[in-house]
Amino acid sequence: MRPASIVLTAFTGLLWGVMAMVVIGVTLTLITGEVALPQATAAGLAGLLGALVFVWRGSATGTGGAPAWAYCAVVVFLVLMIASFAGPFSLPLSVAPVWQGLALIAFVAGVTAALRLCLRDARFGAMSRYEREVIYIRIAKGVGFVVFTIIVALPFYVMVMTSLKSQQTLLANPLDLSIDFSQGLSGLVRSYVELFTQFNFGRYLMVSAFVSVATVVITLLLSVPGAYAVSRLRFPGQALLARSVLLIYMVPAIVLVIPLYAVFSQLGLRNTLTGLLIVYPATTIPVALYMLQGYFRGLPAELEEAGLMDGLSRIGVILKITLPLSLPALASVSLYVFMIAWNEFLFAFMFLDNPDIFTLSRGVVSLNSSEVPRQHLMAGAVIATVPVLVIFLWFERFLVQGLTAGSVKG
């Protein structure tokens, strides 16, 4: 039995016990509205002893019986309840008993699963440096995953739950972010209904959809021939152009918005969607050129040469050979450009003053005032977030494939 192995095992259990208790305790507070004070010390002790039992049972051979993770779960549960005096969240059992029970189950299951993933190859005997480093990496990956999930999920959860509340409920208990089903479906979605009936959010959605789709179309129409020319044709300055397409991103948008504001005001393009359809493609075409030229270079040139020998023109080669083979790259570029145009705020805020042509991001900002209840602002944020989130999750495979295309040749 090596002390280093015992220390590593104990540290892993202590870490996951404390982290799981804090995360689940905060979640319980948000769901029930009751201030839960998670017993981190008891949770850390439970995780520590559970980890030692898990490795001990995993290291033992020929013992039979239940698997190591089952012993670990039982030890974690018993130690937590004993060390916290049956109050792991410092709440009476009569307060939200169902949620407390679910939180306790989530804690035991989460700690057991984390220990099983991190310590499945650990043992109390001699461990090589490689085996210890593997455990370190697993711990780091797990902690990073938990932290990233909290950073992403917590604001979205608060935003959605706040949008389902009434003004009276928010003023009475701002910490209560549970769903009150007693008010019925109409009461839950009242903020969303009022956004579309009183604040013209349906028009904001249509304007944002039009601007985003138009930006995608204009970007593809200009970037596809440009990327093809840079990747396939030979002309003076080709290498310089290929390397400098992203230089526009070295200039901050805040530096460009002031001169563009002055120029567009003189040309009558301010407070029009035409002005946005000039600015947006100007910011998205460089990155589209950069992404597409890498993909075009990865396509076999022999296919295009065969098409030219069969009598196709250069445009025919692009339309009938290059573009059909480039659908993953085109999909990823379209998605990326759409998200940029959908979420863009600075130029829309500076150029648009007429509420009839507000984009969605500009419309959400118009709700940020003392006269508009907070639940309406959160409902507007949800409406602005969900469409692009669904589109991103649906086309994620194309985005990854298009971004990595052309990175390896041969």
# chains A, B, ... in the order shown; residues from 1 in each chain; ligands from 1
>>> residues_around(residues="range 260-266 of chain A", least_positions_apart="6", cutoff="12 Å", atoms="only C-alpha atoms", output="ChimeraX atom specification")
/A:253-254,272-276,278-279,346-352
>>> residues_around(residues="range 136-143 of chain A", least_positions_apart="2", cutoff="8 Å", atoms="only C-alpha atoms", output="PyMOL selection string")
chain A and resi 12+114+117-118+132-134+145-147
>>> closest_residue(among="A:Met127, A:Val76, A:Val365, A:Ala122", to="Ala46 in chain A", atoms="only C-alpha atoms")
A:Val76
>>> closest_residue(among="A:Leu308, A:Ser366, A:Trp342, A:Leu360", to="Leu389 in chain A", atoms="only C-alpha atoms")
A:Trp342
>>> residues_around(residues="Phe395 in chain A", least_positions_apart="4", cutoff="8 Å", atoms="only C-alpha atoms", output="PyMOL selection string")
chain A and resi 331-332+335+391+399
>>> write_last_selection(atoms="all heavy atoms", output="tab-separated table (two decimals), in the first residue's frame")
chain	number	residue	atom	x	y	z
A	331	ALA	N	-22.50	24.59	-45.80
A	331	ALA	CA	-23.43	24.57	-44.67
A	331	ALA	C	-22.79	25.20	-43.43
A	331	ALA	O	-23.44	25.96	-42.71
A	331	ALA	CB	-23.85	23.13	-44.37
A	332	SER	N	-21.53	24.89	-43.18
A	332	SER	CA	-20.87	25.46	-42.00
A	332	SER	C	-20.70	26.97	-42.14
A	332	SER	O	-20.90	27.72	-41.17
A	332	SER	CB	-19.51	24.79	-41.79
A	332	SER	OG	-18.64	25.07	-42.86
A	335	LEU	N	-24.11	28.61	-41.61
A	335	LEU	CA	-24.47	28.64	-40.19
A	335	LEU	C	-23.69	29.70	-39.45
A	335	LEU	O	-24.25	30.45	-38.64
A	335	LEU	CB	-24.22	27.26	-39.58
A	335	LEU	CG	-24.42	27.13	-38.07
A	335	LEU	CD1	-25.85	27.47	-37.69
A	335	LEU	CD2	-24.05	25.73	-37.60
A	391	ILE	N	-30.75	25.92	-34.30
A	391	ILE	CA	-30.08	25.79	-35.60
A	391	ILE	C	-28.64	25.32	-35.43
A	391	ILE	O	-28.15	24.46	-36.18
A	391	ILE	CB	-30.14	27.13	-36.35
A	391	ILE	CG1	-31.59	27.47	-36.71
A	391	ILE	CG2	-29.28	27.09	-37.60
A	391	ILE	CD1	-31.75	28.83	-37.33
A	399	LEU	N	-20.74	22.26	-39.14
A	399	LEU	CA	-19.83	23.32	-38.70
A	399	LEU	C	-18.45	22.75	-38.39
A	399	LEU	O	-17.43	23.28	-38.83
A	399	LEU	CB	-20.40	24.03	-37.48
A	399	LEU	CG	-19.57	25.17	-36.90
A	399	LEU	CD1	-19.43	26.28	-37.93
A	399	LEU	CD2	-20.19	25.71	-35.63
>>> closest_residue(among="A:Gly294, A:Gly363, A:Gly316, A:Pro286", to="Val207 in chain A", atoms="only C-alpha atoms")
A:Gly363
>>> atom_distance(atom1="CA of Ala113 in chain A", atom2="CA of Trp69 in chain A")
8.0 Å
>>> closest_residue(among="A:Ser178, A:Thr284, A:Ser5, A:Ser90", to="Thr162 in chain A", atoms="only C-alpha atoms")
A:Ser178
>>> select_by_dssp(residues="range 12-63 of chain A", states="helix (DSSP H, G or I)", output="NGL selection string")
:A and (12-32 or 40-59)
>>> residues_around(residues="Thr359 in chain A", least_positions_apart="2", cutoff="6 Å", atoms="only C-alpha atoms", output="list in words")
Tyr204, Val207, Ser208, Ser361 and Arg362 of chain A
>>> residues_around(residues="Gly87 in chain A", least_positions_apart="6", cutoff="12 Å", atoms="only C-alpha atoms", output="list in words")
Gly25, Ala36, Leu37, Pro38, Gln39, Ala40, Ala42, Ala43, Phe77, Val79, Leu80, Met81, Leu93, Ser94, Val95, Pro97, Gln100, Gly101, Ala103 and Leu104 of chain A
>>> closest_residue(among="A:Ala20, A:Ala242, A:Val382, A:Leu269", to="Val189 in chain A", atoms="only C-alpha atoms")
A:Val382
>>> residues_around(residues="Glu305 in chain A", least_positions_apart="6", cutoff="10 Å", atoms="only C-alpha atoms", output="list of chain:residue names")
A:Leu312, A:Arg314, A:Val317
>>> closest_residue(among="A:Gln198, A:Phe338, A:Ile357, A:Tyr290", to="Ser244 in chain A", atoms="only C-alpha atoms")
A:Tyr290
>>> residues_around(residues="range 212-214 of chain A", least_positions_apart="3", cutoff="9 Å", atoms="only C-alpha atoms", output="list in words")
Val207, Ser208, Ala209, Val217, Ile218, Thr219, Leu277, Tyr280, Ser334, Val337, Phe338, Met339, Ile340, Ala341 and Trp342 of chain A
>>> write_last_selection(atoms="C-alpha atoms", output="compact mmCIF listing (two decimals), in the first residue's frame")
# COMPACT_ATOMS: atom_id res chain seq x y z
CA VAL A 207 -36.71 41.46 -39.69
CA SER A 208 -33.88 39.48 -38.08
CA ALA A 209 -34.70 36.42 -40.16
CA VAL A 217 -27.03 34.72 -49.51
CA ILE A 218 -24.93 37.82 -50.27
CA THR A 219 -21.93 36.36 -48.45
CA LEU A 277 -27.03 44.50 -45.63
CA TYR A 280 -22.93 42.68 -42.38
CA SER A 334 -23.93 29.57 -43.83
CA VAL A 337 -22.66 33.79 -41.03
CA PHE A 338 -26.27 33.37 -39.92
CA MET A 339 -25.27 33.35 -36.24
CA ILE A 340 -23.14 36.48 -36.71
CA ALA A 341 -25.95 38.37 -38.42
CA TRP A 342 -28.62 37.13 -35.98
>>> atom_distance(atom1="CA of Arg232 in chain A", atom2="CA of Arg297 in chain A")
7.2 Å
>>> decode(residues="range 157-282 of chain A", atoms="C-alpha atoms", output="mmCIF file, in the first residue's frame")
data_model
loop_
_atom_site.group_PDB
_atom_site.id
_atom_site.type_symbol
_atom_site.label_atom_id
_atom_site.label_comp_id
_atom_site.auth_asym_id
_atom_site.auth_seq_id
_atom_site.Cartn_x
_atom_site.Cartn_y
_atom_site.Cartn_z
ATOM 1 C CA TYR A 157 -31.856 28.547 -16.671
ATOM 2 C CA VAL A 158 -32.250 31.809 -14.738
ATOM 3 C CA MET A 159 -33.318 33.558 -17.938
ATOM 4 C CA VAL A 160 -35.970 30.974 -18.805
ATOM 5 C CA MET A 161 -37.341 30.656 -15.274
ATOM 6 C CA THR A 162 -37.536 34.431 -14.837
ATOM 7 C CA SER A 163 -39.454 34.758 -18.093
ATOM 8 C CA LEU A 164 -42.093 32.350 -16.723
ATOM 9 C CA LYS A 165 -42.696 34.404 -13.567
ATOM 10 C CA SER A 166 -45.116 37.191 -12.840
ATOM 11 C CA GLN A 167 -44.041 40.574 -11.539
ATOM 12 C CA GLN A 168 -45.607 39.893 -8.159
ATOM 13 C CA THR A 169 -43.764 36.581 -7.736
ATOM 14 C CA LEU A 170 -40.416 38.120 -8.642
ATOM 15 C CA LEU A 171 -40.878 40.929 -6.144
ATOM 16 C CA ALA A 172 -42.017 38.557 -3.399
ATOM 17 C CA ASN A 173 -39.107 36.085 -3.736
ATOM 18 C CA PRO A 174 -36.423 36.804 -6.338
ATOM 19 C CA LEU A 175 -34.637 33.526 -5.465
ATOM 20 C CA ASP A 176 -37.646 31.370 -6.304
ATOM 21 C CA LEU A 177 -36.926 30.124 -9.815
ATOM 22 C CA SER A 178 -39.204 27.109 -9.715
ATOM 23 C CA ILE A 179 -42.089 26.549 -12.117
ATOM 24 C CA ASP A 180 -45.475 27.386 -10.629
ATOM 25 C CA PHE A 181 -47.877 25.071 -12.458
ATOM 26 C CA SER A 182 -50.813 26.343 -10.413
ATOM 27 C CA GLN A 183 -51.160 29.389 -12.674
ATOM 28 C CA GLY A 184 -51.729 27.201 -15.733
ATOM 29 C CA LEU A 185 -50.139 27.296 -19.146
ATOM 30 C CA SER A 186 -51.576 30.710 -19.972
ATOM 31 C CA GLY A 187 -50.044 32.170 -16.826
ATOM 32 C CA LEU A 188 -46.634 30.656 -17.520
ATOM 33 C CA VAL A 189 -46.374 32.026 -21.054
ATOM 34 C CA ARG A 190 -48.053 35.357 -20.331
ATOM 35 C CA SER A 191 -44.785 37.260 -20.830
ATOM 36 C CA TYR A 192 -44.267 35.733 -24.266
ATOM 37 C CA VAL A 193 -47.825 36.469 -25.336
ATOM 38 C CA GLU A 194 -47.486 40.085 -24.217
ATOM 39 C CA LEU A 195 -44.191 40.437 -26.093
ATOM 40 C CA PHE A 196 -45.862 39.551 -29.383
ATOM 41 C CA THR A 197 -49.091 41.451 -28.738
ATOM 42 C CA GLN A 198 -47.768 44.593 -27.065
ATOM 43 C CA PHE A 199 -44.084 44.926 -28.000
ATOM 44 C CA ASN A 200 -44.120 43.938 -31.695
ATOM 45 C CA PHE A 201 -41.683 41.068 -31.274
ATOM 46 C CA GLY A 202 -43.153 39.158 -34.189
ATOM 47 C CA ARG A 203 -41.944 41.897 -36.529
ATOM 48 C CA TYR A 204 -38.501 41.881 -34.890
ATOM 49 C CA LEU A 205 -38.260 38.163 -35.590
ATOM 50 C CA MET A 206 -39.198 38.626 -39.232
ATOM 51 C CA VAL A 207 -36.705 41.463 -39.686
ATOM 52 C CA SER A 208 -33.880 39.485 -38.075
ATOM 53 C CA ALA A 209 -34.702 36.419 -40.156
ATOM 54 C CA PHE A 210 -34.725 38.494 -43.348
ATOM 55 C CA VAL A 211 -31.469 40.268 -42.559
ATOM 56 C CA SER A 212 -29.712 37.063 -41.499
ATOM 57 C CA VAL A 213 -30.824 35.032 -44.527
ATOM 58 C CA ALA A 214 -30.017 37.903 -46.886
ATOM 59 C CA THR A 215 -26.569 38.235 -45.325
ATOM 60 C CA VAL A 216 -25.963 34.518 -45.862
ATOM 61 C CA VAL A 217 -27.027 34.721 -49.509
ATOM 62 C CA ILE A 218 -24.932 37.815 -50.273
ATOM 63 C CA THR A 219 -21.925 36.355 -48.453
ATOM 64 C CA LEU A 220 -22.071 33.080 -50.371
ATOM 65 C CA LEU A 221 -22.619 34.802 -53.725
ATOM 66 C CA LEU A 222 -19.461 36.859 -53.246
ATOM 67 C CA SER A 223 -17.259 34.516 -51.228
ATOM 68 C CA VAL A 224 -17.691 31.330 -53.299
ATOM 69 C CA PRO A 225 -16.186 32.756 -56.523
ATOM 70 C CA GLY A 226 -13.603 34.670 -54.503
ATOM 71 C CA ALA A 227 -12.506 31.602 -52.555
ATOM 72 C CA TYR A 228 -12.432 29.521 -55.743
ATOM 73 C CA ALA A 229 -10.282 32.100 -57.511
ATOM 74 C CA VAL A 230 -7.834 32.272 -54.617
ATOM 75 C CA SER A 231 -7.561 28.494 -54.275
ATOM 76 C CA ARG A 232 -7.585 27.391 -57.941
ATOM 77 C CA LEU A 233 -6.590 30.213 -60.284
ATOM 78 C CA ARG A 234 -3.114 31.688 -60.718
ATOM 79 C CA PHE A 235 -2.798 35.471 -60.848
ATOM 80 C CA PRO A 236 -0.444 38.142 -59.493
ATOM 81 C CA GLY A 237 -0.928 38.733 -55.781
ATOM 82 C CA GLN A 238 -2.770 35.463 -55.200
ATOM 83 C CA ALA A 239 -0.684 34.425 -52.186
ATOM 84 C CA LEU A 240 -0.888 37.910 -50.643
ATOM 85 C CA LEU A 241 -4.668 37.992 -51.078
ATOM 86 C CA ALA A 242 -5.045 34.523 -49.574
ATOM 87 C CA ARG A 243 -3.100 35.548 -46.481
ATOM 88 C CA SER A 244 -4.711 38.961 -45.999
ATOM 89 C CA VAL A 245 -8.419 38.132 -46.195
ATOM 90 C CA LEU A 246 -8.737 38.171 -42.419
ATOM 91 C CA LEU A 247 -7.015 41.529 -41.918
ATOM 92 C CA ILE A 248 -10.380 43.228 -41.510
ATOM 93 C CA TYR A 249 -10.765 41.456 -38.162
ATOM 94 C CA MET A 250 -7.724 43.318 -36.879
ATOM 95 C CA VAL A 251 -9.806 46.515 -36.911
ATOM 96 C CA PRO A 252 -12.303 46.678 -33.986
ATOM 97 C CA ALA A 253 -15.906 47.197 -34.988
ATOM 98 C CA ILE A 254 -16.230 50.163 -32.630
ATOM 99 C CA VAL A 255 -13.585 51.950 -34.707
ATOM 100 C CA LEU A 256 -15.557 51.400 -37.926
ATOM 101 C CA VAL A 257 -18.993 52.258 -36.626
ATOM 102 C CA ILE A 258 -18.391 56.001 -36.197
ATOM 103 C CA PRO A 259 -17.149 56.773 -39.746
ATOM 104 C CA LEU A 260 -19.771 54.421 -41.188
ATOM 105 C CA TYR A 261 -22.434 56.240 -39.192
ATOM 106 C CA ALA A 262 -21.337 59.560 -40.703
ATOM 107 C CA VAL A 263 -21.097 58.194 -44.247
ATOM 108 C CA PHE A 264 -24.424 56.355 -44.098
ATOM 109 C CA SER A 265 -26.150 59.442 -42.687
ATOM 110 C CA GLN A 266 -24.985 61.482 -45.677
ATOM 111 C CA LEU A 267 -25.981 58.770 -48.156
ATOM 112 C CA GLY A 268 -29.378 58.176 -46.575
ATOM 113 C CA LEU A 269 -28.522 54.609 -45.629
ATOM 114 C CA ARG A 270 -28.772 55.057 -41.888
ATOM 115 C CA ASN A 271 -31.970 53.781 -40.308
ATOM 116 C CA THR A 272 -32.487 51.379 -43.235
ATOM 117 C CA LEU A 273 -32.020 47.646 -43.635
ATOM 118 C CA THR A 274 -30.004 48.325 -46.770
ATOM 119 C CA GLY A 275 -27.258 49.799 -44.623
ATOM 120 C CA LEU A 276 -27.144 46.671 -42.503
ATOM 121 C CA LEU A 277 -27.029 44.495 -45.630
ATOM 122 C CA ILE A 278 -23.933 46.411 -46.697
ATOM 123 C CA VAL A 279 -22.130 46.255 -43.370
ATOM 124 C CA TYR A 280 -22.928 42.680 -42.381
ATOM 125 C CA PRO A 281 -21.572 40.988 -45.531
ATOM 126 C CA ALA A 282 -18.490 43.210 -45.353
#
